[in-house]
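Asks: Provided herewith is a single structure, encoded as structure tokens, for subsequent inquiry.
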2 protein chains.
Amino acid sequence: MRVRNWLFDLWREVSEAHGFEAYDAPVVEHEELYIRKAGEEITGQIYSFEDKSGRRLALRPEMTPSLARMVLQKGSGLRFPVKWYAVPQCWRYERMTRGRKREHFQWNVDIFGVAGVNAEAELLAVLTSFFRRVGLGPEDVGVKISSRRVLQSVLEDLGVTDEQFAPVCVLVDKLEKMPREQLEADFAALGLAPGVVDRIIETLGIQDLDALASVLGEEHPAVTELRALWSLAEAYGYADWLQLDASIVRGLAYYTGTVFEAFDRGASLRAVCGGGRYDRLLSTFGGRDVPAVGFGFGDVVILELLKDKGRLPVLERGIDDVVTAWRAELHPAAVEVATHLRAAGRRVDLVLDDKKVKAAFKHAARVDAARLVLVAPDEWAKGEVTVKDLRLGQQQTVRLDALS
Amino acid sequence: MRVRNWLFDLWREVSEAHGFEAYDAPVVEHEELYIRKAGEEITGQIYSFEDKSGRRLALRPEMTPSLARMVLQKGSGLRFPVKWYAVPQCWRYERMTRGRKREHFQWNVDIFGVAGVNAEAELLAVLTSFFRRVGLGPEDVGVKISSRRVLQSVLEDLGVTDEQFAPVCVLVDKLEKMPREQLEADFAALGLAPGVVDRIIETLGIQDLDALASVLGEEHPAVTELRALWSLAEAYGYADWLQLDASIVRGLAYYTGTVFEAFDRGASLRAVCGGGRYDRLLSTFGGRDVPAVGFGFGDVVILELLKDKGRLPVLERGIDDVVTAWRAELHPAAVEVATHLRAAGRRVDLVLDDKKVKAAFKHAARVDAARLVLVAPDEWAKGEVTVKDLRLGQQQTVRLDALS
């Protein structure tokens, strides 16, 4: 919990340093909020159930649909751009492995109402600032970036329709995990000709902007946007974190433009977080679209990565003083001392059981307290207590009213 | 969210000032963890469901069973006393009214391993410290205290068995909300003679310690414990918050000793939080009992109470600087300025859309920013920006490297 609170506090701090506001949404949502037909992994892993009045409900598997619904409901009451963050708990029914848990927390940072890459660039500033705060640099973590418009352009030329596009992206996201035959069969099931797969794989191999420009043309929106994003990255000072990688499409159906993924540059190449632009999500809920970008950043992988790199902080309990009575009859006096110290802003662990003084010292050492304050009969009769500084090993007798 | 974070941060601070450690538990638990047969309201309001592998699961309606399970699982790895707190979200399927929501958060503070009232007294210190921190005094909030041993003693004399006792307490908790006939019928269904109800009502009328002593005898454990608790309350300095009230039994089956309830002394008399001693919960899960006390404190009623009393703080967004470019081409320069200020520890809202300067000023006023920093072409050519102090209304031109 100390580590978790440390992580969540940092997420909050970094978000707020960038002017983002906290929001939250219900854990339990109507199941229909998550019903999408693109074959995403996430929609098959929902904890869904019926409540006592027969409604189909679900534990949220992700935050973005709730956020989109909230933005729609607030409607014209909102002033765009909206810059919001949250650290929601999410649920996925899946096999638990390293890096994947059924209950996890996910830092979500989103901007609604900005059509251009200024929004993407700001999100990536939030992301890289966080990495810097936990001691990770561009040699530890990279951010792969592409745009769904790259693949979309290539597929349009091959006659792939808009409706086919989202499920194709979901399939592409699984590319590396799937045998070629399975892939061909799945693409064929979507109505794609066999040659299309080769063309997709060829496109996904592009790893720099000039190569992309030579395929799509310098004036193609995906090229101009990505060039603008790189130029902003220089202004922000995080360009050395980024790399173009057309194989990044992300596994969520709703992305429409820029997509990105932060990854561990070490041997594991784990994805640490993912995000992108989803300008058309609101209309799928019957509302008017508002341009939007966001990312989701799970707590599990980052904590493993920090652990592997030895960068998890050692966090003590944070007790300033352990206060104990020489014997049980003096407990009310120890109460007075503890109350006095707490009023002075100290974090005080008052010994509640009838511990021997020696055991209280051991306890104080174990919780890494700065001081042990002992209430003994002779001193207390004079309004005094014994204070032992556990760091310096010094002991002195102090009047209670002089103790702080 | 600002108010919620303010509240949760205070709960955390107050808990930690008293030496309590944070814990958490799963939201989704096995349903059987909550199956108790005492007729409690809570067990009829559980969001329960079957997962994809046919297990009966539930969204936690309360935290104590999870906590007890964790303490059992940790077993001898724990050093008692354990002083833990949490702010879990809990779910109850019930009619939503003022003060009651289906999703809510509940501050939980518990001590395991202390058999005597030192533990109860420490919990009440945490509770009253929190009230003081939000500006509530003993004239606003009272704490009614009793012990289940009071009613237990009286009922033992009348031949009520141990097994009948928990359901009787659950019924007694509903006493004021139920017509007498219904009550008599419910008691009769538990096998209690009609005269018992009168005796119960008579006992519950006791409102001071001397009256209690005259009924139970001065040496009765309930009397000696409550006297000891009052004496500790004097040492802590919160005795004026407390009042003995034998009608307090609380609606949870597992309490065994002291029970208490904080309530709004105003017209509404709402219960703000409740707690007590539950020394025998662990054995109901098949473990060895450890003495335990705890309280649960919901977020809904306290926020209503603070609102009614005009004591909710006015919390701004906390933006230090709004940074904006004179025109879109200067956005990369604004990015540099924002990055510089963020590195200096300022909370910066960078304008991402192509806002007019006038609109940026309005926005800065709305978010209550301290300054607006404007990047304009002529100044920027000299490495300077225009800084307007929005509190003082003063404007000056500053070199970026001198800006902090």
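Ordering of the structure tokens sets the chain letters (A, B, ...), residue numbers begin anew at 1 in every chain, and ligands are numbered from 1 in the order given.
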Using backbone DSSP assignments, extract all helix (DSSP H, G or I) residues from stretch 216-256 of chain A; output them as a count of residues only.
Replies: 20
Asks: What are the residues of chain B lining chain A at 8 Å or less? Count only C-alpha atoms, and put the answer as JSON, numbers by chain.
Replies: {"B": [1, 2, 16, 17, 18, 19, 20, 21, 22, 23, 24, 26, 47, 48, 49, 50, 51, 52, 81, 93, 103, 114, 118, 119, 232, 235, 236, 317, 319, 332, 333, 335, 336, 339, 342, 345, 346, 347, 348, 349, 350, 352, 353]}
Asks: If we count only C-alpha atoms and set the cut-off at 7 Å, which residues sit around stretch 325-327 of chain B, ignoring sequence neighbours fewer than 3 positions away in its own chain? Please answer as a PyMOL selection string.
Replies: chain B and resi 330-331+334+357+374-376
Asks: Given the selection you just returned, output its residues as a file containing N, CA and C atoms, formatted as a CSV table (one decimal), in the first residue's frame.
Replies:
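Below is the file that was written, result-v8.csv:
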chain,number,residue,atom,x,y,z
B,330,LEU,N,3.2,30.4,-32.5
B,330,LEU,CA,4.1,30.5,-31.3
B,330,LEU,C,3.8,29.4,-30.3
B,331,HIS,N,2.9,28.4,-30.7
B,331,HIS,CA,2.6,27.4,-29.7
B,331,HIS,C,3.9,26.6,-29.2
B,334,ALA,N,5.3,28.6,-26.5
B,334,ALA,CA,4.5,28.4,-25.3
B,334,ALA,C,4.8,27.1,-24.6
B,357,VAL,N,-6.3,35.8,-27.2
B,357,VAL,CA,-5.7,36.2,-25.9
B,357,VAL,C,-6.8,36.6,-24.9
B,374,LEU,N,2.0,35.1,-21.4
B,374,LEU,CA,1.7,35.3,-22.8
B,374,LEU,C,3.0,35.3,-23.6
B,375,VAL,N,3.0,34.5,-24.6
B,375,VAL,CA,4.1,34.5,-25.5
B,375,VAL,C,3.8,35.2,-26.8
B,376,ALA,N,4.3,36.4,-27.0
B,376,ALA,CA,4.0,37.2,-28.1
B,376,ALA,C,5.3,37.4,-29.0
Asks: So which residues touch A:Ala262 within 12 Å, counting only C-alpha atoms, skipping near sequence neighbours fewer than 6 positions away, as a PyMOL selection string?
Replies: chain A and resi 124+127-128+130-131+136-138+140-145+241-245+248+250+269-276+295-298+301-302
Asks: For A:Asp299, which residue among A:Trp107, A:Phe165, A:Phe260, A:Tyr85 is the nearest when counting only C-alpha atoms?
Replies: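 When distances to A:Asp299 are compared using only C-alpha atoms, the smallest one comes from A:Trp107.
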Asks: Could you tell me which of B:Glu219, B:Ser66, B:Ser147, B:Glu304 comes closest to B:Ile206 if we count only C-alpha atoms?
Replies: B:Ser147
Asks: Please report, as a PyMOL selection string, each residue of stretch 102-220 of chain A to which DSSP assigns strand (DSSP E or B) when run on this structure's backbone.
Replies: chain A and resi 103-112+141-147
Asks: Residues as selected, N, CA and C atoms, written as a PDB file, in the first residue's frame, can you do that?
Replies:
ATOM      1  N   GLU A 103      -8.074  -7.607 -11.087  1.00  0.00           N
ATOM      2  CA  GLU A 103      -8.344  -6.260 -10.586  1.00  0.00           C
ATOM      3  C   GLU A 103      -7.063  -5.457 -10.750  1.00  0.00           C
ATOM      4  N   HIS A 104      -7.142  -4.314 -11.386  1.00  0.00           N
ATOM      5  CA  HIS A 104      -5.963  -3.451 -11.416  1.00  0.00           C
ATOM      6  C   HIS A 104      -6.409  -1.999 -11.470  1.00  0.00           C
ATOM      7  N   PHE A 105      -5.454  -1.111 -11.286  1.00  0.00           N
ATOM      8  CA  PHE A 105      -5.739   0.321 -11.389  1.00  0.00           C
ATOM      9  C   PHE A 105      -5.096   0.847 -12.658  1.00  0.00           C
ATOM     10  N   GLN A 106      -5.700   1.863 -13.200  1.00  0.00           N
ATOM     11  CA  GLN A 106      -5.211   2.394 -14.460  1.00  0.00           C
ATOM     12  C   GLN A 106      -5.289   3.913 -14.457  1.00  0.00           C
ATOM     13  N   TRP A 107      -4.141   4.550 -14.569  1.00  0.00           N
ATOM     14  CA  TRP A 107      -4.101   6.009 -14.688  1.00  0.00           C
ATOM     15  C   TRP A 107      -4.629   6.379 -16.061  1.00  0.00           C
ATOM     16  N   ASN A 108      -5.654   7.213 -16.100  1.00  0.00           N
ATOM     17  CA  ASN A 108      -6.227   7.668 -17.355  1.00  0.00           C
ATOM     18  C   ASN A 108      -6.064   9.176 -17.477  1.00  0.00           C
ATOM     19  N   VAL A 109      -5.532   9.621 -18.593  1.00  0.00           N
ATOM     20  CA  VAL A 109      -5.361  11.056 -18.837  1.00  0.00           C
ATOM     21  C   VAL A 109      -5.957  11.347 -20.213  1.00  0.00           C
ATOM     22  N   ASP A 110      -6.877  12.283 -20.281  1.00  0.00           N
ATOM     23  CA  ASP A 110      -7.602  12.540 -21.530  1.00  0.00           C
ATOM     24  C   ASP A 110      -7.797  14.029 -21.782  1.00  0.00           C
ATOM     25  N   ILE A 111      -7.842  14.381 -23.030  1.00  0.00           N
ATOM     26  CA  ILE A 111      -8.162  15.755 -23.439  1.00  0.00           C
ATOM     27  C   ILE A 111      -9.294  15.688 -24.458  1.00  0.00           C
ATOM     28  N   PHE A 112     -10.358  16.414 -24.190  1.00  0.00           N
ATOM     29  CA  PHE A 112     -11.475  16.525 -25.138  1.00  0.00           C
ATOM     30  C   PHE A 112     -11.494  17.946 -25.697  1.00  0.00           C
ATOM     31  N   VAL A 141      12.810   3.600 -21.232  1.00  0.00           N
ATOM     32  CA  VAL A 141      11.452   3.503 -21.782  1.00  0.00           C
ATOM     33  C   VAL A 141      11.392   4.260 -23.104  1.00  0.00           C
ATOM     34  N   GLY A 142      10.769   3.687 -24.090  1.00  0.00           N
ATOM     35  CA  GLY A 142      10.544   4.381 -25.347  1.00  0.00           C
ATOM     36  C   GLY A 142       9.056   4.541 -25.593  1.00  0.00           C
ATOM     37  N   VAL A 143       8.697   5.422 -26.520  1.00  0.00           N
ATOM     38  CA  VAL A 143       7.294   5.572 -26.897  1.00  0.00           C
ATOM     39  C   VAL A 143       7.197   5.377 -28.411  1.00  0.00           C
ATOM     40  N   LYS A 144       6.562   4.282 -28.805  1.00  0.00           N
ATOM     41  CA  LYS A 144       6.339   4.014 -30.228  1.00  0.00           C
ATOM     42  C   LYS A 144       5.079   4.743 -30.666  1.00  0.00           C
ATOM     43  N   ILE A 145       5.169   5.391 -31.789  1.00  0.00           N
ATOM     44  CA  ILE A 145       4.039   6.208 -32.260  1.00  0.00           C
ATOM     45  C   ILE A 145       3.721   5.892 -33.708  1.00  0.00           C
ATOM     46  N   SER A 146       2.443   5.882 -33.996  1.00  0.00           N
ATOM     47  CA  SER A 146       2.011   5.824 -35.389  1.00  0.00           C
ATOM     48  C   SER A 146       0.647   6.512 -35.473  1.00  0.00           C
ATOM     49  N   SER A 147      -0.001   6.345 -36.606  1.00  0.00           N
ATOM     50  CA  SER A 147      -1.356   6.860 -36.742  1.00  0.00           C
ATOM     51  C   SER A 147      -2.167   5.795 -37.447  1.00  0.00           C
TER      52      SER A 147
END
